[in-house]
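Asker: Sending over upload16.txt (compact mmCIF, C-alpha atoms and all ligand atoms).
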```txt
# COMPACT_ATOMS: atom_id res chain seq x y z
CA MET A 1 105.13 93.20 83.98
CA ARG A 2 103.56 89.98 82.79
CA GLU A 3 105.28 87.21 84.74
CA PHE A 4 104.57 86.88 88.47
CA GLU A 5 105.58 83.28 89.18
CA GLY A 6 108.50 83.18 91.62
CA ARG A 7 108.79 86.98 91.73
CA THR A 8 109.15 88.82 95.05
CA ALA A 9 106.65 91.41 96.23
CA VAL A 10 107.21 93.71 99.22
CA ILE A 11 104.02 95.23 100.61
CA THR A 12 104.02 97.93 103.28
CA GLY A 13 100.90 98.29 105.40
CA GLY A 14 100.29 94.67 104.37
CA ALA A 15 98.61 93.44 107.54
CA SER A 16 95.19 94.94 106.77
CA GLY A 17 92.82 96.21 104.11
CA ILE A 18 94.14 96.95 100.63
CA GLY A 19 97.70 95.79 101.39
CA LEU A 20 96.49 92.40 102.59
CA ALA A 21 94.29 92.06 99.48
CA PHE A 22 97.39 92.78 97.32
CA ALA A 23 99.27 90.05 99.21
CA HIS A 24 96.59 87.41 98.62
CA LEU A 25 96.04 88.23 94.95
CA PHE A 26 99.69 88.61 93.91
CA GLY A 27 100.51 85.57 96.09
CA ARG A 28 97.87 83.49 94.27
CA ASN A 29 99.49 84.62 91.03
CA GLY A 30 102.82 83.10 92.12
CA CYS A 31 104.61 85.90 93.98
CA ARG A 32 106.61 85.37 97.15
CA ILE A 33 105.45 87.93 99.66
CA MET A 34 107.36 90.08 102.14
CA LEU A 35 104.67 91.67 104.27
CA ALA A 36 105.68 94.74 106.29
CA ASP A 37 103.61 96.51 108.90
CA ILE A 38 103.88 98.46 112.14
CA GLU A 39 101.18 96.38 113.88
CA SER A 40 102.72 93.11 115.05
CA THR A 41 99.64 91.05 116.04
CA ALA A 42 97.83 91.88 112.80
CA LEU A 43 101.03 91.12 110.86
CA ASP A 44 101.39 87.67 112.45
CA SER A 45 97.80 86.68 111.67
CA ALA A 46 98.04 88.08 108.13
CA VAL A 47 101.16 85.99 107.43
CA GLU A 48 99.47 82.93 108.94
CA GLY A 49 96.43 83.47 106.70
CA LEU A 50 98.61 83.78 103.60
CA ARG A 51 100.53 80.60 104.44
CA LYS A 52 97.28 78.71 105.04
CA ALA A 53 96.29 79.79 101.53
CA GLY A 54 99.50 78.17 100.23
CA ILE A 55 101.38 81.43 99.65
CA ALA A 56 105.09 81.81 100.49
CA ALA A 57 104.85 84.73 102.91
CA PHE A 58 107.12 86.32 105.51
CA GLY A 59 106.46 89.22 107.84
CA GLU A 60 108.70 92.04 109.04
CA ILE A 61 107.82 94.80 111.47
CA ALA A 62 108.65 98.10 109.83
CA ASP A 63 107.68 101.72 110.36
CA VAL A 64 107.61 103.33 106.92
CA ALA A 65 107.96 106.77 108.49
CA GLU A 66 111.50 105.86 109.62
CA PRO A 67 114.16 105.64 106.91
CA ALA A 68 116.32 103.31 109.05
CA SER A 69 113.39 100.95 109.59
CA VAL A 70 112.68 100.73 105.84
CA GLU A 71 116.38 100.21 105.08
CA ARG A 72 116.39 97.34 107.60
CA LEU A 73 113.33 95.88 105.87
CA ALA A 74 115.13 96.12 102.52
CA ALA A 75 118.26 94.42 103.88
CA ARG A 76 116.20 91.54 105.34
CA THR A 77 114.22 91.18 102.11
CA PHE A 78 117.34 91.07 99.93
CA ASP A 79 118.92 88.54 102.36
CA ARG A 80 115.90 86.29 102.13
CA PHE A 81 114.89 86.60 98.48
CA GLY A 82 117.86 88.15 96.64
CA LYS A 83 115.78 90.25 94.29
CA VAL A 84 112.64 92.38 94.62
CA HIS A 85 110.32 92.73 91.64
CA LEU A 86 107.22 94.43 93.06
CA LEU A 87 107.33 97.23 95.61
CA PHE A 88 103.98 98.27 97.08
CA ASN A 89 104.35 101.54 99.00
CA ASN A 90 100.91 101.15 100.49
CA ALA A 91 100.95 101.96 104.23
CA GLY A 92 98.81 105.00 104.92
CA VAL A 93 96.90 106.76 107.68
CA SER A 94 94.05 109.24 107.77
CA ILE A 95 92.87 111.94 110.11
CA THR A 96 89.77 114.11 109.83
CA GLY A 97 88.91 117.50 111.21
CA PRO A 98 89.02 121.19 110.39
CA THR A 99 92.29 122.37 108.87
CA TRP A 100 92.86 125.08 111.46
CA ARG A 101 92.62 122.62 114.34
CA MET A 102 95.34 120.26 113.14
CA SER A 103 98.41 120.30 115.37
CA PRO A 104 101.96 120.11 114.01
CA ASP A 105 102.01 116.45 115.22
CA ASP A 106 98.80 115.72 113.31
CA TRP A 107 100.37 117.01 110.10
CA ARG A 108 103.71 115.34 110.73
CA TRP A 109 102.20 111.93 111.43
CA VAL A 110 100.12 111.82 108.25
CA TRP A 111 102.91 113.20 106.05
CA ASP A 112 105.57 110.98 107.66
CA VAL A 113 103.59 107.82 106.88
CA ASN A 114 101.84 108.76 103.62
CA VAL A 115 104.55 110.80 101.88
CA TRP A 116 107.84 109.90 103.54
CA GLY A 117 106.74 106.26 103.62
CA VAL A 118 106.66 106.30 99.81
CA VAL A 119 109.96 108.18 99.55
CA ASN A 120 111.66 105.86 102.06
CA GLY A 121 110.42 102.79 100.16
CA ILE A 122 111.64 104.10 96.80
CA ARG A 123 115.05 105.04 98.19
CA ALA A 124 115.58 101.70 99.96
CA PHE A 125 114.40 99.34 97.19
CA LEU A 126 114.43 100.96 93.76
CA PRO A 127 118.20 101.09 93.05
CA ALA A 128 118.44 97.29 93.40
CA MET A 129 115.24 96.79 91.36
CA MET A 130 116.76 98.83 88.52
CA ALA A 131 120.11 97.08 88.82
CA HIS A 132 118.92 93.46 88.48
CA GLY A 133 117.52 94.23 85.05
CA GLU A 134 114.46 91.95 85.26
CA GLU A 135 110.92 93.31 84.87
CA ALA A 136 109.87 95.15 88.02
CA HIS A 137 107.14 97.54 89.16
CA VAL A 138 106.63 100.19 91.85
CA ILE A 139 103.04 100.54 93.04
CA ASN A 140 102.25 103.57 95.20
CA THR A 141 98.89 103.80 96.92
CA GLY A 142 97.41 107.24 96.27
CA SER A 143 93.69 107.95 96.34
CA LEU A 144 90.97 109.80 94.46
CA ALA A 145 91.93 112.40 97.09
CA SER A 146 95.19 112.79 95.12
CA PHE A 147 93.12 114.93 92.74
CA PHE A 148 91.06 117.03 95.10
CA GLY A 149 91.19 118.59 98.57
CA ASN A 150 88.04 117.70 100.53
CA GLY A 151 87.10 119.81 103.54
CA ASP A 152 88.02 118.27 106.90
CA HIS A 153 90.74 116.18 105.26
CA ALA A 154 93.62 118.55 104.54
CA PRO A 155 96.62 116.54 105.82
CA TYR A 156 95.38 113.40 104.05
CA CYS A 157 94.41 115.00 100.72
CA SER A 158 97.61 117.02 100.55
CA SER A 159 99.68 113.92 101.32
CA LYS A 160 97.96 111.96 98.55
CA ALA A 161 98.47 114.84 96.08
CA ALA A 162 102.17 114.52 96.93
CA VAL A 163 102.04 110.78 96.21
CA LEU A 164 100.63 111.58 92.76
CA GLY A 165 103.45 114.07 92.07
CA ILE A 166 106.11 111.63 93.24
CA SER A 167 104.62 108.80 91.17
CA GLN A 168 104.36 110.87 87.97
CA SER A 169 107.96 112.07 88.35
CA LEU A 170 109.16 108.52 88.91
CA TYR A 171 107.17 107.23 85.93
CA SER A 172 108.85 109.78 83.64
CA GLU A 173 112.28 108.94 85.01
CA MET A 174 111.83 105.19 84.56
CA LYS A 175 110.55 105.61 80.97
CA ALA A 176 113.12 108.23 79.95
CA MET A 177 115.93 106.00 81.24
CA LYS A 178 114.43 102.99 79.42
CA THR A 179 114.49 100.89 82.60
CA ARG A 180 112.36 97.77 83.00
CA VAL A 181 110.64 99.27 86.05
CA GLY A 182 107.00 100.29 85.63
CA VAL A 183 105.14 102.67 87.93
CA THR A 184 101.48 102.58 88.97
CA ILE A 185 99.51 104.76 91.33
CA VAL A 186 96.48 103.14 92.96
CA CYS A 187 93.62 105.65 93.27
CA PRO A 188 90.71 104.17 95.22
CA GLY A 189 87.63 106.01 96.41
CA MET A 190 86.00 104.67 99.57
CA VAL A 191 87.15 101.13 100.47
CA ALA A 192 85.91 98.98 103.36
CA THR A 193 89.11 98.77 105.45
CA ARG A 194 90.29 99.95 108.87
CA ILE A 195 91.62 103.30 107.64
CA HIS A 196 89.04 105.14 109.75
CA GLN A 197 90.76 103.57 112.77
CA SER A 198 94.19 104.82 111.76
CA TRP A 199 94.69 106.28 115.25
CA ARG A 200 95.38 102.69 116.43
CA ASN A 201 98.93 103.03 115.07
CA ARG A 202 99.59 106.59 116.08
CA PRO A 203 102.63 107.23 118.32
CA ASP A 204 101.47 107.77 121.92
CA ALA A 205 103.91 110.66 122.25
CA ASP A 206 101.66 112.68 119.92
CA ARG A 207 98.83 113.03 122.48
CA PRO A 208 96.66 114.99 122.86
CA TRP A 209 95.37 114.73 119.30
CA SER A 210 93.14 117.22 117.61
CA ASP A 211 91.68 114.42 115.44
CA ARG A 212 87.92 114.52 115.66
CA GLU A 213 87.82 110.75 115.20
CA TYR A 214 89.61 110.42 118.50
CA ALA A 215 87.83 113.17 120.32
CA ASP A 216 84.28 112.41 119.28
CA LEU A 217 82.76 108.95 119.74
CA ALA A 218 79.68 109.80 117.66
CA PHE A 219 81.91 110.72 114.75
CA ARG A 220 83.79 107.46 115.12
CA GLU A 221 80.56 105.44 115.03
CA GLY A 222 79.42 107.38 111.98
CA SER A 223 82.68 106.75 110.17
CA GLU A 224 82.38 103.02 110.85
CA ALA A 225 79.21 102.80 108.73
CA PHE A 226 80.57 105.22 106.13
CA GLN A 227 83.82 103.27 105.63
CA GLY A 228 82.06 99.90 105.68
CA ALA A 229 79.95 100.96 102.69
CA GLY A 230 83.08 101.22 100.50
CA LEU A 231 84.30 98.83 97.82
CA SER A 232 85.92 95.55 98.82
CA PRO A 233 89.74 95.73 98.97
CA ASP A 234 89.75 92.72 96.61
CA VAL A 235 88.30 94.92 93.85
CA ILE A 236 91.20 97.37 94.26
CA ALA A 237 93.71 94.50 94.15
CA GLU A 238 92.18 93.06 90.93
CA ALA A 239 92.27 96.45 89.20
CA THR A 240 95.89 96.90 90.29
CA LEU A 241 97.00 93.50 89.03
CA ASP A 242 95.49 94.44 85.67
CA ALA A 243 97.26 97.81 85.68
CA VAL A 244 100.65 96.24 86.52
CA ARG A 245 100.21 93.51 83.92
CA ASN A 246 99.40 96.08 81.22
CA ASP A 247 101.87 98.74 82.39
CA ARG A 248 99.16 101.30 83.11
CA PHE A 249 100.05 104.23 85.35
CA TYR A 250 96.62 104.67 86.93
CA SER A 251 94.77 101.95 88.80
CA PHE A 252 91.18 103.14 89.18
CA SER A 253 88.38 100.85 90.34
CA GLY A 254 84.60 100.73 90.59
CA ASP A 255 82.46 102.81 88.26
CA ARG A 256 82.29 106.17 90.03
CA TRP A 257 85.87 107.38 89.55
CA PRO A 258 85.28 109.18 86.18
CA PHE A 259 82.43 111.11 87.82
CA PHE A 260 84.71 112.11 90.67
CA ILE A 261 87.71 113.10 88.51
CA ARG A 262 85.46 115.06 86.14
CA GLY A 263 83.86 116.85 89.10
CA ALA A 264 87.29 117.76 90.41
CA LEU A 265 89.01 118.76 87.16
CA GLU A 266 86.32 120.25 84.88
CA PRO A 267 85.85 123.41 86.98
CA THR A 268 89.64 123.77 87.00
CA LEU A 269 89.78 123.63 83.19
CA ARG A 270 87.13 126.38 83.05
CA GLY A 271 89.00 128.42 85.66
CA ASP A 272 85.97 128.05 87.96
CA ASN A 273 86.04 127.72 91.73
CA PRO A 274 86.17 124.18 93.15
CA PRO A 275 82.99 122.46 94.39
CA VAL A 276 82.42 122.63 98.14
CA ALA A 277 83.04 119.18 99.62
CA THR A 278 83.27 118.60 103.34
CA TRP A 279 82.43 115.82 105.73
CA GLY A 280 81.82 118.12 108.61
CA GLU A 281 79.50 121.01 107.75
CA ASP A 282 76.50 119.54 109.54
CA ARG A 283 78.71 118.69 112.49
CA ARG A 284 80.22 122.07 113.23
CA SER A 285 79.80 122.47 116.96
CA GLU A 286 80.75 124.74 119.79
CA GLN A 287 83.52 122.27 120.53
CA GLU A 288 85.03 122.76 117.08
CA ARG A 289 84.88 126.52 117.28
CA ALA A 290 86.73 126.47 120.60
CA PRO A 291 90.56 126.48 120.70
CA ALA A 292 92.06 123.20 119.51
CA PRO A 293 92.92 120.77 122.35
CA TRP A 294 96.59 120.73 121.39
CA ALA A 295 96.69 124.53 121.62
CA ALA A 296 95.17 124.40 125.09
CA ALA A 297 97.68 121.74 126.16
CA ALA A 298 100.60 123.72 124.73
CA SER A 299 99.58 126.81 126.72
CA GLY A 300 99.29 124.65 129.87
CA ALA A 301 95.49 125.14 130.07
N1 LIG B 401 90.15 102.72 102.66
C1 LIG B 401 89.97 103.72 101.82
O1 LIG B 401 88.85 104.23 101.65
C2 LIG B 401 91.14 104.24 101.01
C3 LIG B 401 90.86 105.07 99.91
C4 LIG B 401 91.91 105.56 99.17
C5 LIG B 401 93.22 105.22 99.51
N2 LIG B 401 93.46 104.42 100.59
C6 LIG B 401 94.86 104.11 100.92
O2 LIG B 401 95.06 102.71 100.96
C7 LIG B 401 96.23 102.42 101.74
C8 LIG B 401 95.93 101.26 102.66
O3 LIG B 401 94.97 101.67 103.65
P1 LIG B 401 93.71 100.77 104.04
O4 LIG B 401 92.51 101.50 103.59
O5 LIG B 401 93.93 99.35 103.64
O6 LIG B 401 93.75 100.94 105.66
P2 LIG B 401 94.06 99.91 106.82
O7 LIG B 401 94.12 100.74 108.06
O8 LIG B 401 93.12 98.77 106.78
O9 LIG B 401 95.53 99.39 106.46
C9 LIG B 401 96.66 100.23 106.56
C10 LIG B 401 97.85 99.42 107.09
O10 LIG B 401 98.98 100.31 107.22
C11 LIG B 401 99.62 100.01 108.44
N3 LIG B 401 100.42 101.14 108.91
C12 LIG B 401 99.97 102.31 109.48
N4 LIG B 401 101.02 103.09 109.81
C13 LIG B 401 102.15 102.42 109.42
C14 LIG B 401 103.54 102.71 109.50
N5 LIG B 401 103.99 103.86 110.04
N6 LIG B 401 104.41 101.82 108.99
C15 LIG B 401 103.97 100.64 108.46
N7 LIG B 401 102.67 100.31 108.38
C16 LIG B 401 101.77 101.19 108.86
C17 LIG B 401 98.49 99.64 109.39
O11 LIG B 401 98.92 98.92 110.52
C18 LIG B 401 97.57 98.84 108.47
O12 LIG B 401 97.90 97.47 108.50
C19 LIG B 401 96.58 103.73 102.45
O13 LIG B 401 97.67 104.36 101.79
C20 LIG B 401 95.32 104.55 102.30
O14 LIG B 401 95.58 105.93 102.37
C21 LIG B 401 92.45 103.92 101.34
```
Go ahead and express the file in the form of C-alpha cells.
Ligand SMILES: NC(=O)c1ccc[n+]([C@@H]2O[C@H](COP(=O)([O-])OP(=O)(O)OC[C@H]3O[C@@H](n4cnc5c(N)ncnc54)[C@H](O)[C@@H]3O)[C@@H](O)[C@H]2O)c1
Answerer:
Amino acid sequence: MREFEGRTAVITGGASGIGLAFAHLFGRNGCRIMLADIESTALDSAVEGLRKAGIAAFGEIADVAEPASVERLAARTFDRFGKVHLLFNNAGVSITGPTWRMSPDDWRWVWDVNVWGVVNGIRAFLPAMMAHGEEAHVINTGSLASFFGNGDHAPYCSSKAAVLGISQSLYSEMKAMKTRVGVTIVCPGMVATRIHQSWRNRPDADRPWSDREYADLAFREGSEAFQGAGLSPDVIAEATLDAVRNDRFYSFSGDRWPFFIRGALEPTLRGDNPPVATWGEDRRSEQERAPAPWAAAASGA
C-alpha cells in the first residue's frame, strides 16, 4: 500500500506504546486515525496529543476481547469515515510466571485479548475492507515470541504463535483471492512500553491472580528496568510503515532479530532440543513451589 493521504487507520491498543507510535507515524503520513483502547484516560490524552500534532484523530473505548465491543467500534468507524484502509490489531497483554501456576483466568485473559482480539478485529473490519476495492492492509502485532516459547511466558508465547498462524493463513487467502488487502505481522523483541504493567487493564473479577508480576513487588521493579531497556516504539512503527509500503509480510526491527530467529529455528531444523530460555530460574522460591494462589482460593484455603 503506497498511498496514505486521506486513508483511515484503526488502531487497537492505541493509547500507549507501539499502538500510539503507529498512530503518530501513520497520522503524520496523512492517515485519519481511529484510536481504540480499553483505558479511557490514556485514550483521551493520546487523542489530544495526536490532535495537537495536527493529526485527524478520534477515540473509541473498545475491549478487543469482546466481539460485540469490536463490532460497535467497526460500526462507529464506518459511520464516521466510510471506509477503513489500515487495520492494526495491536492490543496485547502479558503475564509472567511458571506454566503450572497459571489459572484458567490467567490463560483466558491473555488469549482473549491477544488471540481473540485479532480474530474479532478481522471479522468486524475485513469484509468491508475487501469490498471497497481500494488498497488496504491488515497489520497484526505478533512478537519474536511468535517463534519460540520462553520459560515463564507460556500464555503470552503461545498466544503470539497463534497470531503468526492466523496472519500467515490470512496472507495466503488475500493473495490467492487476488484482493488488494496486504497482511503484515509485526514481530518486535523488547520494546520500552507499558506491557510489563498489563495487569492495569485486567478485569477485577479475575482476582486472585497467579501472575508473579502482581504478587511480587521485587519482580515488578526488576521488569521496569528490563522493559525500559527495549527499543523505542517509534523504531517499530518506522519498520512497519516500510513493511506496509512494500507489501512485506514480516516487520522486524533492530539488529538482533536474525540472531533470535536463528537461535530458535536452527536447532529445530537439526531436530535438536530447544535452547533453555527462562526469566525465572534464578528466582525460583519457596513461594513458587507452593500451591498457586488461585488453587488455594478455589479450595477455600
Ligand atoms: N513491549 C514489548 O516488548 C513487545 C514486544 C513484542 C510485542 N509486543 C506487542 O505489542 C503490542 C502493544 O503492546 P505495548 O508493548 O505497546 O504495550 P502497552 O501496554 O504500552 O500498550 C498496550 C495497549 O493495549 C491496551 N489494551 C489492553 N487490553 C486491551 C483490551 N482488552 N482491549 C483494548 N485495548 C487493550 C492497553 O490499554 C494499552 O493501551 C501488544 O500486542 C504486545 O504483545 C510488545
Asker: Could you tell me, counting only C-alpha atoms and all ligand atoms, which protein and nucleic acid residues lie no more than 8 Å from ligand LIG 401 (chain B), written as a ChimeraX atom specification?
Answerer: /A:12-20,36-39,42-43,61-66,89-94,112-114,117,141-145,156,160,186-198,200-202,227,230,233
Asker: Tell me which of A:Ser146, A:Glu134, A:Ala154, A:Ser159 sits closest to Val115 in chain A, counting only C-alpha atoms.
Answerer: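 Of all the options, A:Ser159 lies closest to Val115 in chain A.
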Asker: Quick one: everything within 12 Å of Phe26 in chain A, counting all atoms listed in the file, minus sequence neighbours fewer than 2 positions away in the same chain. Send it as a PyMOL selection string.
Answerer: chain A and resi 2-11+19-24+28-35+50+55-57+85-88+234+237-242+244-245
Asker: Store the residues of this selection in a file with C-alpha atoms, as a tab-separated table (two decimals), keeping the file's coordinate frame.
Answerer:
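Output file result_18.tsv is given in full below:
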```
chain	number	residue	atom	x	y	z
A	2	ARG	CA	103.56	89.98	82.79
A	3	GLU	CA	105.28	87.21	84.74
A	4	PHE	CA	104.57	86.88	88.47
A	5	GLU	CA	105.58	83.28	89.18
A	6	GLY	CA	108.50	83.18	91.62
A	7	ARG	CA	108.79	86.98	91.73
A	8	THR	CA	109.15	88.82	95.05
A	9	ALA	CA	106.65	91.41	96.23
A	10	VAL	CA	107.21	93.71	99.22
A	11	ILE	CA	104.02	95.23	100.61
A	19	GLY	CA	97.70	95.79	101.39
A	20	LEU	CA	96.49	92.40	102.59
A	21	ALA	CA	94.29	92.06	99.48
A	22	PHE	CA	97.39	92.78	97.32
A	23	ALA	CA	99.27	90.05	99.21
A	24	HIS	CA	96.59	87.41	98.62
A	28	ARG	CA	97.87	83.49	94.27
A	29	ASN	CA	99.49	84.62	91.03
A	30	GLY	CA	102.82	83.10	92.12
A	31	CYS	CA	104.61	85.90	93.98
A	32	ARG	CA	106.61	85.37	97.15
A	33	ILE	CA	105.45	87.93	99.66
A	34	MET	CA	107.36	90.08	102.14
A	35	LEU	CA	104.67	91.67	104.27
A	50	LEU	CA	98.61	83.78	103.60
A	55	ILE	CA	101.38	81.43	99.65
A	56	ALA	CA	105.09	81.81	100.49
A	57	ALA	CA	104.85	84.73	102.91
A	85	HIS	CA	110.32	92.73	91.64
A	86	LEU	CA	107.22	94.43	93.06
A	87	LEU	CA	107.33	97.23	95.61
A	88	PHE	CA	103.98	98.27	97.08
A	234	ASP	CA	89.75	92.72	96.61
A	237	ALA	CA	93.71	94.50	94.15
A	238	GLU	CA	92.18	93.06	90.93
A	239	ALA	CA	92.27	96.45	89.20
A	240	THR	CA	95.89	96.90	90.29
A	241	LEU	CA	97.00	93.50	89.03
A	242	ASP	CA	95.49	94.44	85.67
A	244	VAL	CA	100.65	96.24	86.52
A	245	ARG	CA	100.21	93.51	83.92
```
Asker: In terms of the shortest atom-to-atom distance over all atoms listed in the file, which of A:Ala264, A:Val110, A:Leu231, A:Val84 is closest to Trp199 in chain A?
Answerer: A:Val110
Asker: Looking at A:Gly27, A:Thr77, A:Pro275, A:Val70, which one is nearest to Arg51 in chain A, with distances taken over only C-alpha atoms?
Answerer: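 Smallest distance to Arg51 in chain A is found for A:Gly27.
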Asker: Report, in Å with one decimal, the straight-line distance from CA of Ser40 in chain A to CA of Asp204 in chain A.
Answerer: 16.2 Å
Asker: Please report the interatomic distance between CA of Ser253 in chain A and CA of Leu25 in chain A in Å with one decimal.
Answerer: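 These atoms are spaced 15.5 Å apart.
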Asker: Out of A:Gly228, A:Gly54, A:Pro98, A:Gly59, which residue has the shortest atom-to-atom distance to Leu73 in chain A when counting all atoms listed in the file?
Answerer: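 The closest residue to Leu73 in chain A is A:Gly59.
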Asker: What's the separation between CA of Met102 in chain A and CA of Arg262 in chain A, in Å to one decimal place?
Answerer: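 So the two atoms, CA of Met102 in chain A and CA of Arg262 in chain A, lie 29.2 Å apart.
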Asker: Looking at all atoms listed in the file, which of A:Ser223, A:Thr184, A:Lys83, A:Thr278 is the one that sits closest to Phe252 in chain A?
Answerer: A:Thr184
Asker: When distances are computed from all atoms listed in the file, which of A:Met177, A:Phe58, A:Gly222, A:Asp44 shows the smallest separation from Arg80 in chain A?
Answerer: A:Phe58
Asker: Neighbouring residues of Pro274 in chain A were defined as those with any atom within 9 Å, considering only C-alpha atoms; residues of the same chain fewer than 4 positions away were excluded. Please report them as a VMD selection string.
Answerer: chain A and resid 148 263 to 265 267 to 268
Asker: Please list as a list in words every residue within 12 Å of Gly151 in chain A, counting all atoms listed in the file and excluding residues in the same chain fewer than 6 positions away.
Answerer: Ile95, Thr96, Gly97, Pro98, Thr99, Trp100, Ala145, Cys157, Ser158, Pro274, Pro275, Val276, Ala277, Thr278, Trp279, Gly280 and Glu281 of chain A
Asker: Quick one: axis-aligned box around all listed atoms of range 229-246 of chain A, 4 Å on every side, centre and edge lengths in Å to one decimal, written as AutoDock Vina command-line options.
Answerer:
```
--center_x 90.3 --center_y 97.0 --center_z 92.0 --size_x 28.7 --size_y 16.5 --size_z 29.5
```
Asker: Applying 12 Å and only C-alpha atoms, which residues near Met130 in chain A remain after dropping the ones on its own chain fewer than 6 positions away? List them as a list in words.
Answerer: Lys83, Val84, His85, Leu86, Leu87, Ile122, Arg123, Ala124, Ala136, His137, Val138, Glu173, Met174, Lys175, Met177, Lys178, Thr179, Arg180, Val181 and Gly182 of chain A
